[in-house]
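Structure data follow from final.pdb (PDB, C-alpha atoms):
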ATOM      1  CA  MET A   1      28.820   7.302  11.286  1.00  0.00           C
ATOM      2  CA  ILE A   2      25.001   7.306  11.651  1.00  0.00           C
ATOM      3  CA  PRO A   3      23.707   3.906  12.835  1.00  0.00           C
ATOM      4  CA  LYS A   4      21.959   2.061  10.009  1.00  0.00           C
ATOM      5  CA  ILE A   5      18.537   1.784  11.653  1.00  0.00           C
ATOM      6  CA  LEU A   6      18.589   5.491  12.552  1.00  0.00           C
ATOM      7  CA  GLN A   7      19.399   6.335   8.930  1.00  0.00           C
ATOM      8  CA  LYS A   8      16.524   4.110   7.773  1.00  0.00           C
ATOM      9  CA  ILE A   9      14.129   5.936  10.105  1.00  0.00           C
ATOM     10  CA  MET A  10      15.398   9.273   8.764  1.00  0.00           C
ATOM     11  CA  ASP A  11      14.887   8.037   5.205  1.00  0.00           C
ATOM     12  CA  ASP A  12      11.346   6.923   6.112  1.00  0.00           C
ATOM     13  CA  PHE A  13      10.497  10.337   7.553  1.00  0.00           C
ATOM     14  CA  GLN A  14      11.754  12.027   4.376  1.00  0.00           C
ATOM     15  CA  LYS A  15       9.151  10.086   2.377  1.00  0.00           C
ATOM     16  CA  LEU A  16       6.445  12.106   4.137  1.00  0.00           C
ATOM     17  CA  PRO A  17       5.277  15.350   2.469  1.00  0.00           C
ATOM     18  CA  GLY A  18       6.980  18.481   3.770  1.00  0.00           C
ATOM     19  CA  ILE A  19       9.711  16.609   5.635  1.00  0.00           C
ATOM     20  CA  GLY A  20      13.220  17.442   4.494  1.00  0.00           C
ATOM     21  CA  GLU A  21      16.573  16.022   5.553  1.00  0.00           C
ATOM     22  CA  LYS A  22      17.013  18.257   8.639  1.00  0.00           C
ATOM     23  CA  THR A  23      13.471  17.701   9.937  1.00  0.00           C
ATOM     24  CA  ALA A  24      13.795  13.950   9.382  1.00  0.00           C
ATOM     25  CA  GLU A  25      17.049  13.935  11.335  1.00  0.00           C
ATOM     26  CA  ARG A  26      15.502  15.963  14.181  1.00  0.00           C
ATOM     27  CA  LEU A  27      12.472  13.626  14.379  1.00  0.00           C
ATOM     28  CA  ALA A  28      14.584  10.464  14.326  1.00  0.00           C
ATOM     29  CA  LEU A  29      16.886  11.809  17.026  1.00  0.00           C
ATOM     30  CA  PHE A  30      13.875  12.827  19.124  1.00  0.00           C
ATOM     31  CA  LEU A  31      12.521   9.273  18.893  1.00  0.00           C
ATOM     32  CA  ILE A  32      15.754   7.721  20.113  1.00  0.00           C
ATOM     33  CA  SER A  33      16.761  10.382  22.639  1.00  0.00           C
ATOM     34  CA  ASP A  34      13.612  11.872  24.157  1.00  0.00           C
ATOM     35  CA  MET A  35      10.643   9.605  23.537  1.00  0.00           C
ATOM     36  CA  GLU A  36       9.719   7.033  26.181  1.00  0.00           C
ATOM     37  CA  ASP A  37      10.019   3.366  25.147  1.00  0.00           C
ATOM     38  CA  GLU A  38       6.282   2.784  25.678  1.00  0.00           C
ATOM     39  CA  ALA A  39       5.431   5.768  23.485  1.00  0.00           C
ATOM     40  CA  ILE A  40       7.665   4.475  20.668  1.00  0.00           C
ATOM     41  CA  ILE A  41       6.102   1.011  20.891  1.00  0.00           C
ATOM     42  CA  SER A  42       2.610   2.543  20.876  1.00  0.00           C
ATOM     43  CA  PHE A  43       3.530   4.762  17.891  1.00  0.00           C
ATOM     44  CA  SER A  44       4.864   1.797  15.901  1.00  0.00           C
ATOM     45  CA  ASP A  45       1.748  -0.220  16.770  1.00  0.00           C
ATOM     46  CA  HIS A  46      -0.471   2.595  15.483  1.00  0.00           C
ATOM     47  CA  LEU A  47       1.480   2.671  12.216  1.00  0.00           C
ATOM     48  CA  LYS A  48       1.063  -1.106  11.807  1.00  0.00           C
ATOM     49  CA  ARG A  49      -2.672  -0.886  12.459  1.00  0.00           C
ATOM     50  CA  LEU A  50      -3.182   2.107  10.146  1.00  0.00           C
ATOM     51  CA  LYS A  51      -3.393   0.117   6.907  1.00  0.00           C
ATOM     52  CA  SER A  52      -5.331  -2.814   8.360  1.00  0.00           C
ATOM     53  CA  GLU A  53      -8.000  -0.790  10.204  1.00  0.00           C
ATOM     54  CA  ILE A  54      -8.625   2.144   7.859  1.00  0.00           C
ATOM     55  CA  LYS A  55     -10.745   1.560   4.767  1.00  0.00           C
ATOM     56  CA  THR A  56     -12.887   3.665   2.484  1.00  0.00           C
ATOM     57  CA  CYS A  57     -16.592   4.115   3.044  1.00  0.00           C
ATOM     58  CA  PRO A  58     -18.488   2.208   0.309  1.00  0.00           C
ATOM     59  CA  VAL A  59     -20.949   5.116   0.007  1.00  0.00           C
ATOM     60  CA  CYS A  60     -18.802   8.273  -0.073  1.00  0.00           C
ATOM     61  CA  HIS A  61     -15.219   6.920  -0.257  1.00  0.00           C
ATOM     62  CA  MET A  62     -14.161   8.769   2.921  1.00  0.00           C
ATOM     63  CA  LEU A  63     -11.557   7.161   5.172  1.00  0.00           C
ATOM     64  CA  THR A  64     -13.182   5.309   8.059  1.00  0.00           C
ATOM     65  CA  ASP A  65     -12.710   2.554  10.597  1.00  0.00           C
ATOM     66  CA  HIS A  66     -16.393   1.567  10.394  1.00  0.00           C
ATOM     67  CA  ASP A  67     -18.358  -0.338   7.741  1.00  0.00           C
ATOM     68  CA  ILE A  68     -19.978   2.970   6.709  1.00  0.00           C
ATOM     69  CA  CYS A  69     -18.427   6.292   7.757  1.00  0.00           C
ATOM     70  CA  GLU A  70     -19.903   8.355  10.575  1.00  0.00           C
ATOM     71  CA  VAL A  71     -21.154  11.090   8.235  1.00  0.00           C
ATOM     72  CA  CYS A  72     -23.045   8.724   5.897  1.00  0.00           C
ATOM     73  CA  SER A  73     -24.539   6.776   8.796  1.00  0.00           C
ATOM     74  CA  ASP A  74     -25.622   9.886  10.736  1.00  0.00           C
ATOM     75  CA  PRO A  75     -29.449  10.155  10.474  1.00  0.00           C
ATOM     76  CA  ASN A  76     -29.235  13.891  11.214  1.00  0.00           C
ATOM     77  CA  ARG A  77     -27.202  14.627   8.066  1.00  0.00           C
ATOM     78  CA  ASP A  78     -29.034  15.838   4.945  1.00  0.00           C
ATOM     79  CA  GLN A  79     -28.559  12.952   2.503  1.00  0.00           C
ATOM     80  CA  SER A  80     -30.019  15.034  -0.340  1.00  0.00           C
ATOM     81  CA  THR A  81     -27.099  17.491  -0.300  1.00  0.00           C
ATOM     82  CA  VAL A  82     -23.751  16.087  -1.440  1.00  0.00           C
ATOM     83  CA  MET A  83     -20.497  18.046  -1.356  1.00  0.00           C
ATOM     84  CA  VAL A  84     -17.925  16.677  -3.813  1.00  0.00           C
ATOM     85  CA  VAL A  85     -14.279  16.945  -2.721  1.00  0.00           C
ATOM     86  CA  ALA A  86     -10.983  15.726  -4.150  1.00  0.00           C
ATOM     87  CA  ASP A  87      -9.737  13.743  -1.154  1.00  0.00           C
ATOM     88  CA  ALA A  88     -10.305  12.805   2.483  1.00  0.00           C
ATOM     89  CA  LYS A  89      -8.246  15.665   3.922  1.00  0.00           C
ATOM     90  CA  ASP A  90     -10.756  18.085   2.350  1.00  0.00           C
ATOM     91  CA  VAL A  91     -13.526  16.443   4.390  1.00  0.00           C
ATOM     92  CA  PHE A  92     -11.480  16.768   7.590  1.00  0.00           C
ATOM     93  CA  ILE A  93     -10.991  20.488   6.900  1.00  0.00           C
ATOM     94  CA  LEU A  94     -14.656  21.113   6.019  1.00  0.00           C
ATOM     95  CA  GLU A  95     -15.928  19.239   9.066  1.00  0.00           C
ATOM     96  CA  LYS A  96     -13.958  21.573  11.341  1.00  0.00           C
ATOM     97  CA  MET A  97     -16.294  24.447  10.424  1.00  0.00           C
ATOM     98  CA  ARG A  98     -19.236  22.475  11.895  1.00  0.00           C
ATOM     99  CA  SER A  99     -21.817  24.298   9.788  1.00  0.00           C
ATOM    100  CA  TYR A 100     -22.301  21.946   6.828  1.00  0.00           C
ATOM    101  CA  GLN A 101     -24.983  19.342   7.535  1.00  0.00           C
ATOM    102  CA  GLY A 102     -25.034  17.436   4.234  1.00  0.00           C
ATOM    103  CA  VAL A 103     -22.911  14.467   3.196  1.00  0.00           C
ATOM    104  CA  TYR A 104     -19.753  14.161   1.098  1.00  0.00           C
ATOM    105  CA  HIS A 105     -18.405  12.346  -1.914  1.00  0.00           C
ATOM    106  CA  VAL A 106     -14.636  11.862  -2.191  1.00  0.00           C
ATOM    107  CA  LEU A 107     -13.404  11.675  -5.792  1.00  0.00           C
ATOM    108  CA  GLY A 108      -9.981  10.289  -4.906  1.00  0.00           C
ATOM    109  CA  GLY A 109      -8.146  12.970  -6.878  1.00  0.00           C
ATOM    110  CA  LEU A 110      -8.711  15.460  -9.678  1.00  0.00           C
ATOM    111  CA  ILE A 111      -8.620  15.204 -13.463  1.00  0.00           C
ATOM    112  CA  ASP A 112      -5.017  15.896 -14.463  1.00  0.00           C
ATOM    113  CA  PHE A 113      -4.150  14.980 -18.040  1.00  0.00           C
ATOM    114  CA  SER A 114      -0.478  15.870 -17.494  1.00  0.00           C
ATOM    115  CA  ARG A 115      -0.278  13.002 -14.982  1.00  0.00           C
ATOM    116  CA  GLY A 116      -2.566  10.698 -16.979  1.00  0.00           C
ATOM    117  CA  ILE A 117      -5.501  11.024 -14.547  1.00  0.00           C
ATOM    118  CA  THR A 118      -8.877  11.070 -16.294  1.00  0.00           C
ATOM    119  CA  ASP A 119     -12.465  10.912 -15.038  1.00  0.00           C
ATOM    120  CA  LYS A 120     -12.216   7.098 -15.278  1.00  0.00           C
ATOM    121  CA  ASP A 121      -9.605   7.133 -12.470  1.00  0.00           C
ATOM    122  CA  LEU A 122     -11.935   8.958 -10.058  1.00  0.00           C
ATOM    123  CA  ASN A 123     -14.972   7.824  -8.035  1.00  0.00           C
ATOM    124  CA  ILE A 124     -17.382   9.462 -10.488  1.00  0.00           C
ATOM    125  CA  ASP A 125     -19.369   6.296 -11.310  1.00  0.00           C
ATOM    126  CA  ALA A 126     -20.155   5.895  -7.612  1.00  0.00           C
ATOM    127  CA  LEU A 127     -21.281   9.544  -7.516  1.00  0.00           C
ATOM    128  CA  SER A 128     -23.548   8.971 -10.515  1.00  0.00           C
ATOM    129  CA  ASN A 129     -25.201   6.102  -8.626  1.00  0.00           C
ATOM    130  CA  ARG A 130     -25.964   8.450  -5.698  1.00  0.00           C
ATOM    131  CA  ILE A 131     -27.410  11.266  -7.832  1.00  0.00           C
ATOM    132  CA  LYS A 132     -30.932   9.795  -7.957  1.00  0.00           C
ATOM    133  CA  HIS A 133     -31.637  10.913  -4.384  1.00  0.00           C
ATOM    134  CA  VAL A 134     -29.774  14.239  -4.475  1.00  0.00           C
ATOM    135  CA  ASN A 135     -31.269  17.742  -4.622  1.00  0.00           C
ATOM    136  CA  GLU A 136     -28.030  19.728  -4.498  1.00  0.00           C
ATOM    137  CA  LEU A 137     -24.535  18.811  -5.618  1.00  0.00           C
ATOM    138  CA  ILE A 138     -21.913  21.191  -4.199  1.00  0.00           C
ATOM    139  CA  ILE A 139     -18.633  21.048  -6.093  1.00  0.00           C
ATOM    140  CA  ALA A 140     -15.843  21.847  -3.631  1.00  0.00           C
ATOM    141  CA  THR A 141     -12.696  21.239  -5.653  1.00  0.00           C
ATOM    142  CA  ASN A 142      -9.713  23.596  -5.422  1.00  0.00           C
ATOM    143  CA  GLY A 143      -9.414  26.648  -7.648  1.00  0.00           C
ATOM    144  CA  THR A 144      -6.434  25.113  -9.474  1.00  0.00           C
ATOM    145  CA  VAL A 145      -6.468  24.215 -13.166  1.00  0.00           C
ATOM    146  CA  GLU A 146      -7.163  20.565 -12.242  1.00  0.00           C
ATOM    147  CA  GLY A 147      -9.866  21.543  -9.739  1.00  0.00           C
ATOM    148  CA  GLU A 148     -11.604  23.808 -12.248  1.00  0.00           C
ATOM    149  CA  MET A 149     -11.385  21.175 -14.993  1.00  0.00           C
ATOM    150  CA  THR A 150     -12.902  18.544 -12.677  1.00  0.00           C
ATOM    151  CA  ALA A 151     -15.642  20.975 -11.572  1.00  0.00           C
ATOM    152  CA  LYS A 152     -16.591  21.781 -15.170  1.00  0.00           C
ATOM    153  CA  PHE A 153     -16.643  18.084 -16.046  1.00  0.00           C
ATOM    154  CA  LEU A 154     -18.959  17.309 -13.111  1.00  0.00           C
ATOM    155  CA  LYS A 155     -21.225  20.249 -14.004  1.00  0.00           C
ATOM    156  CA  SER A 156     -21.522  18.984 -17.582  1.00  0.00           C
ATOM    157  CA  LEU A 157     -22.435  15.498 -16.308  1.00  0.00           C
ATOM    158  CA  TYR A 158     -25.181  16.530 -13.924  1.00  0.00           C
ATOM    159  CA  GLU A 159     -26.585  19.911 -14.985  1.00  0.00           C
ATOM    160  CA  ASP A 160     -29.361  18.318 -17.066  1.00  0.00           C
ATOM    161  CA  GLN A 161     -30.494  15.916 -14.336  1.00  0.00           C
ATOM    162  CA  HIS A 162     -32.757  18.316 -12.389  1.00  0.00           C
ATOM    163  CA  ILE A 163     -30.125  18.731  -9.694  1.00  0.00           C
ATOM    164  CA  ASN A 164     -29.033  22.069  -8.304  1.00  0.00           C
ATOM    165  CA  VAL A 165     -25.287  22.030  -9.122  1.00  0.00           C
ATOM    166  CA  THR A 166     -23.413  24.668  -7.121  1.00  0.00           C
ATOM    167  CA  ARG A 167     -19.766  25.583  -6.632  1.00  0.00           C
ATOM    168  CA  LEU A 168     -18.068  26.939  -3.529  1.00  0.00           C
ATOM    169  CA  ALA A 169     -17.575  30.683  -3.845  1.00  0.00           C
ATOM    170  CA  SER A 170     -14.065  31.914  -4.465  1.00  0.00           C
ATOM    171  CA  GLY A 171     -12.484  35.319  -4.437  1.00  0.00           C
ATOM    172  CA  LEU A 172     -11.221  37.724  -1.796  1.00  0.00           C
ATOM    173  CA  PRO A 173     -10.708  36.327   1.699  1.00  0.00           C
ATOM    174  CA  VAL A 174     -12.164  38.195   4.675  1.00  0.00           C
ATOM    175  CA  GLY A 175      -9.898  41.070   5.664  1.00  0.00           C
ATOM    176  CA  ALA A 176      -8.045  41.120   2.332  1.00  0.00           C
ATOM    177  CA  ASP A 177      -6.722  44.349   0.851  1.00  0.00           C
ATOM    178  CA  LEU A 178      -7.579  44.819  -2.862  1.00  0.00           C
ATOM    179  CA  LYS A 179      -4.115  46.099  -3.705  1.00  0.00           C
ATOM    180  CA  TYR A 180      -2.524  42.783  -2.661  1.00  0.00           C
ATOM    181  CA  ALA A 181      -4.923  40.495  -4.561  1.00  0.00           C
ATOM    182  CA  ASP A 182      -3.822  38.877  -7.807  1.00  0.00           C
ATOM    183  CA  GLU A 183      -5.840  39.212 -11.027  1.00  0.00           C
ATOM    184  CA  LEU A 184      -7.386  35.726 -10.857  1.00  0.00           C
ATOM    185  CA  THR A 185      -8.570  36.246  -7.263  1.00  0.00           C
ATOM    186  CA  LEU A 186     -10.082  39.619  -8.157  1.00  0.00           C
ATOM    187  CA  SER A 187     -11.697  38.149 -11.252  1.00  0.00           C
ATOM    188  CA  LYS A 188     -13.283  35.356  -9.182  1.00  0.00           C
ATOM    189  CA  ALA A 189     -14.440  37.857  -6.561  1.00  0.00           C
ATOM    190  CA  VAL A 190     -16.246  39.921  -9.204  1.00  0.00           C
ATOM    191  CA  GLU A 191     -17.642  36.813 -10.900  1.00  0.00           C
ATOM    192  CA  ASN A 192     -18.975  35.420  -7.589  1.00  0.00           C
ATOM    193  CA  ARG A 193     -20.347  38.692  -6.228  1.00  0.00           C
ATOM    194  CA  LEU A 194     -23.481  38.514  -4.069  1.00  0.00           C
ATOM    195  CA  LYS A 195     -26.476  40.816  -3.687  1.00  0.00           C
ATOM    196  CA  TYR A 196     -25.770  43.202  -0.809  1.00  0.00           C
TER     197      TYR A 196
END

Please express the file's structure as structure tokens.
Amino acid sequence: MIPKILQKIMDDFQKLPGIGEKTAERLALFLISDMEDEAIISFSDHLKRLKSEIKTCPVCHMLTDHDICEVCSDPNRDQSTVMVVADAKDVFILEKMRSYQGVYHVLGGLIDFSRGITDKDLNIDALSNRIKHVNELIIATNGTVEGEMTAKFLKSLYEDQHINVTRLASGLPVGADLKYADELTLSKAVENRLKY
């Protein structure tokens, strides 16, 4: 009953994270029913160009459409402070706060032995090449098991190289009520307490 090409578009949408069958159907029907022809053609052109125009920065491994990403090539950024993140979306999130003035290093994932991902699968060699000119290495991986394992691995690699290795603070969010916090969050909050 559903036209074949419409079903294929629905199937394509379902390949995206967070898109289920109903959302895929709604999006596909919106494209065919409500979206202007020019907008659909422009959208499909953008999708075609996505893979050919986006590459990774050879310095930090961030997604870019330049030879070197805008952060690495910005002379106003502090090149001696490197924040290590798991992937490009972390950089996008951190840049929204507009207060960090250092540069980044994208690992391309986290150590996850259950999925066969080791330190050899990440951009750690490239990070080691950058360390010579770094004063502070900020480890900004998630507080998950994989994020903590990767953070500890990085700390063990660089703690003896006269670099200030720091980790993003974790614990209670602003406005949180103690009675609703889980044990791990409370534990991290106590562990990362600051002088008041």

Inset, instruction - Could you please determine the separation between atom CA of His61 of chain A and atom CA of His105 of chain A in Å, to one decimal place? - result: 6.5 Å

Legend entry - d(atom CA of Arg26 of chain A, atom CA of Ile54 of chain A) in Å: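 Straight-line distance from atom CA of Arg26 of chain A to atom CA of Ile54 of chain A works out to 28.5 Å.
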
Legend entry - Using all atoms listed in the file: which of A:Phe43, A:Phe153, A:Tyr104, A:Phe30 has the shortest distance to Leu63 of chain A: A:Tyr104

Inset, instruction - Check which residues satisfy the PyMOL selection byres ((chain A and resi 183-188) around 10) in the file shown, then give them as a list of chain:residue names. - result: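 Selection result, ordered by chain and number: A:Gly143, A:Ala169, A:Ser170, A:Gly171, A:Leu172, A:Pro173, A:Leu178, A:Lys179, A:Tyr180, A:Ala181, A:Asp182, A:Ala189, A:Val190, A:Glu191, A:Asn192, A:Arg193.
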
Those residues with C-alpha atoms, as a short mmCIF file (atom, residue, chain, number, x, y, z; two decimals), in the frame of the given file please?
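And here's part.cif as it stands now:
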data_model
loop_
_atom_site.label_atom_id
_atom_site.label_comp_id
_atom_site.auth_asym_id
_atom_site.auth_seq_id
_atom_site.Cartn_x
_atom_site.Cartn_y
_atom_site.Cartn_z
CA GLY A 143 -9.41 26.65 -7.65
CA ALA A 169 -17.58 30.68 -3.84
CA SER A 170 -14.06 31.91 -4.46
CA GLY A 171 -12.48 35.32 -4.44
CA LEU A 172 -11.22 37.72 -1.80
CA PRO A 173 -10.71 36.33 1.70
CA LEU A 178 -7.58 44.82 -2.86
CA LYS A 179 -4.12 46.10 -3.70
CA TYR A 180 -2.52 42.78 -2.66
CA ALA A 181 -4.92 40.49 -4.56
CA ASP A 182 -3.82 38.88 -7.81
CA ALA A 189 -14.44 37.86 -6.56
CA VAL A 190 -16.25 39.92 -9.20
CA GLU A 191 -17.64 36.81 -10.90
CA ASN A 192 -18.98 35.42 -7.59
CA ARG A 193 -20.35 38.69 -6.23
#

Inset, instruction - Might you pull out every residue within 10 Å of segment 158-162 of chain A, with only C-alpha atoms counted and same-chain residues fewer than 3 positions away left off, and present them as a PyMOL selection string? - result: chain A and resi 128+131-132+134-137+153-155+165-166
